[in-house]
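Written out below as structure tokens is the structure these notes cover.
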Amino acid sequence: MDDWSFTRFNETLGPLFTPERGLVMDLAGVHFIDPYVIAGLAMAELSLERSIVLLHPEAPVLSYLRRMNFPYRENRTPTQPTQDEESPILLELFRIHSRADGDTVARQVLHSLQQRLGYTAKLAHTVFDALSEAFQNSLEHGGWAPLVIMQVFRRQDPLHQRLVLAVVDAGVGIPHSLRQNPAYSEVRTDRQALQLALKQGVSGVATDPTRGQGLWHLQQICQRYGGRLTVRSGTAQVFRGPDKLLWFQTPPIPGTQLRLELFHLHQ
């Protein structure tokens, strides 16, 4: 059976932005769709202002999509943890309209990292700060309210739990945003812009020296503690694993998309 993992993001979404193609997805034989792809499909629906028609979905996949709040229509109130051991396994697809919305989602991530993945408070807060900056960047990119989706994949062995989080938007993208800073106004290619954006302190906001830390911190965490980070914007995509850095050429999908996967620290 097929598996719509994060590697299918570009080939799944790219055709949706081709004018002659309809928004029809054949799910025959598909048994799992990564949260990253679900968030991307919601972004496509919102930006194209048309609903995606899902053909032949199997019952488990259809149930999973509904639990992930797709098709996305409006935010549902995220379940807040009431005790340390009751961190919600699933945070539904959520649209961030303000910094307060972003903090709500980031706190859920913070709680899950500490209570389910064994992160120290300091390390979890580093992820919190990095995600908060990612949310802020998306809010500023062309006025687009980003979509965020998170799932903690629970396993029988708690040490094999993992967290997958995706942040997607259909804004102006990293290359355009970076060129707003006079220091990077000469950036020409999408890959060059993305390479710069991964460096510490590089931001399209020239007036705030605290910006440009988010992607750099997430890279460092993935390398040091084990994790996977995918970032794409324009026609460039980068994958950062614990010991890999891979670059890809992608279809021209609007905006910027990020996928972060973190594992239990005691694996």
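By order in the structure tokens, chains are A, B, ...; within a chain, residues start at 1; ligands start at 1, following the order shown.
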Exercise. Skipping near chain neighbours, those fewer than 3 positions away, what residues fall within 10 Å of Arg107 of chain A using only C-alpha atoms, listed as a PyMOL selection string?
Worked result: chain A and resi 80+102-104+110-113+124-125+128+132
Pull C-alpha atoms from the residues just selected and write them as a CSV table (one decimal), in the first residue's frame.
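again-v2.csv, written as the output of this step:
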```csv
chain,number,residue,atom,x,y,z
A,80,GLN,CA,-5.1,21.9,26.9
A,102,GLY,CA,1.4,31.0,17.9
A,103,ASP,CA,2.1,30.9,21.6
A,104,THR,CA,-0.8,28.6,22.2
A,110,LEU,CA,6.9,22.7,24.7
A,111,HIS,CA,4.7,20.5,27.0
A,112,SER,CA,5.0,17.5,24.7
A,113,LEU,CA,8.8,17.8,24.4
A,124,ALA,CA,12.4,22.6,25.1
A,125,HIS,CA,12.3,26.4,25.5
A,128,PHE,CA,9.7,27.0,21.7
A,132,SER,CA,7.7,31.3,17.8
```
Problem set entry | Nearby residues (only C-alpha atoms) at most 9 Å from segment 201-213 of chain A, same-chain spacing under 3 positions excluded, as a list in words |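 Those residues are Asp129, Ala130, Glu133, Ile174, His176, Ser177, Leu178, Arg179, Gln180, Asn181, Pro182, Ala183, Tyr184, Leu196, Ala197, Leu198, Trp216, His217 and Leu218 of chain A.
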For this session: Report the distance between atom CA of Val24 of chain A and atom CA of Arg67 of chain A in Å, rounded to one decimal place.
Result: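 Value for the atom CA of Val24 of chain A-atom CA of Arg67 of chain A distance: 20.8 Å.
For the pair atom CA of Leu55 of chain A and atom CA of Ile253 of chain A, the interatomic distance is 22.9 Å.
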Problem set entry | Those of segment 40-231 of chain A in DSSP strand (DSSP E or B), formatted as number ranges by chain | A: 53-55, 90-95, 147-153, 162-168, 227-231
Export C-alpha atoms of the chosen residues as a PDB file, in the first residue's frame?
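Written output follows (out.pdb):
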```
ATOM      1  CA  VAL A  53     -11.963  16.394  -3.925  1.00  0.00           C
ATOM      2  CA  LEU A  54     -10.734  13.215  -2.240  1.00  0.00           C
ATOM      3  CA  LEU A  55     -11.423  10.058  -4.231  1.00  0.00           C
ATOM      4  CA  LEU A  90      -2.749  15.199  18.845  1.00  0.00           C
ATOM      5  CA  LEU A  91      -2.889  18.905  18.120  1.00  0.00           C
ATOM      6  CA  GLU A  92      -5.324  19.538  15.297  1.00  0.00           C
ATOM      7  CA  LEU A  93      -4.581  21.549  12.200  1.00  0.00           C
ATOM      8  CA  PHE A  94      -4.586  25.125  13.426  1.00  0.00           C
ATOM      9  CA  ARG A  95      -4.351  28.492  11.679  1.00  0.00           C
ATOM     10  CA  LEU A 147      -1.171  26.732   9.174  1.00  0.00           C
ATOM     11  CA  VAL A 148       0.435  24.613  11.874  1.00  0.00           C
ATOM     12  CA  ILE A 149      -0.093  20.932  12.526  1.00  0.00           C
ATOM     13  CA  MET A 150       1.521  18.728  15.169  1.00  0.00           C
ATOM     14  CA  GLN A 151       1.309  15.084  16.091  1.00  0.00           C
ATOM     15  CA  VAL A 152       3.082  13.054  18.725  1.00  0.00           C
ATOM     16  CA  PHE A 153       3.328   9.504  17.424  1.00  0.00           C
ATOM     17  CA  ARG A 162       8.382  11.151  18.135  1.00  0.00           C
ATOM     18  CA  LEU A 163       6.954  14.541  17.366  1.00  0.00           C
ATOM     19  CA  VAL A 164       6.187  15.816  13.868  1.00  0.00           C
ATOM     20  CA  LEU A 165       5.328  19.457  13.359  1.00  0.00           C
ATOM     21  CA  ALA A 166       4.697  21.363  10.146  1.00  0.00           C
ATOM     22  CA  VAL A 167       4.385  25.104   9.532  1.00  0.00           C
ATOM     23  CA  VAL A 168       3.138  26.082   6.078  1.00  0.00           C
ATOM     24  CA  GLY A 227      15.978  14.983  14.384  1.00  0.00           C
ATOM     25  CA  ARG A 228      14.997  15.891  10.848  1.00  0.00           C
ATOM     26  CA  LEU A 229      14.301  19.326   9.449  1.00  0.00           C
ATOM     27  CA  THR A 230      12.922  20.062   5.981  1.00  0.00           C
ATOM     28  CA  VAL A 231      12.515  23.639   4.725  1.00  0.00           C
TER      29      VAL A 231
END
```
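Neighbouring residues of Asn10 of chain A at 7 Å or closer, counting only C-alpha atoms and skipping chain neighbours under 2 positions away, are Arg8, Thr12, Leu13, Gly14, Thr250 and Pro251 of chain A.
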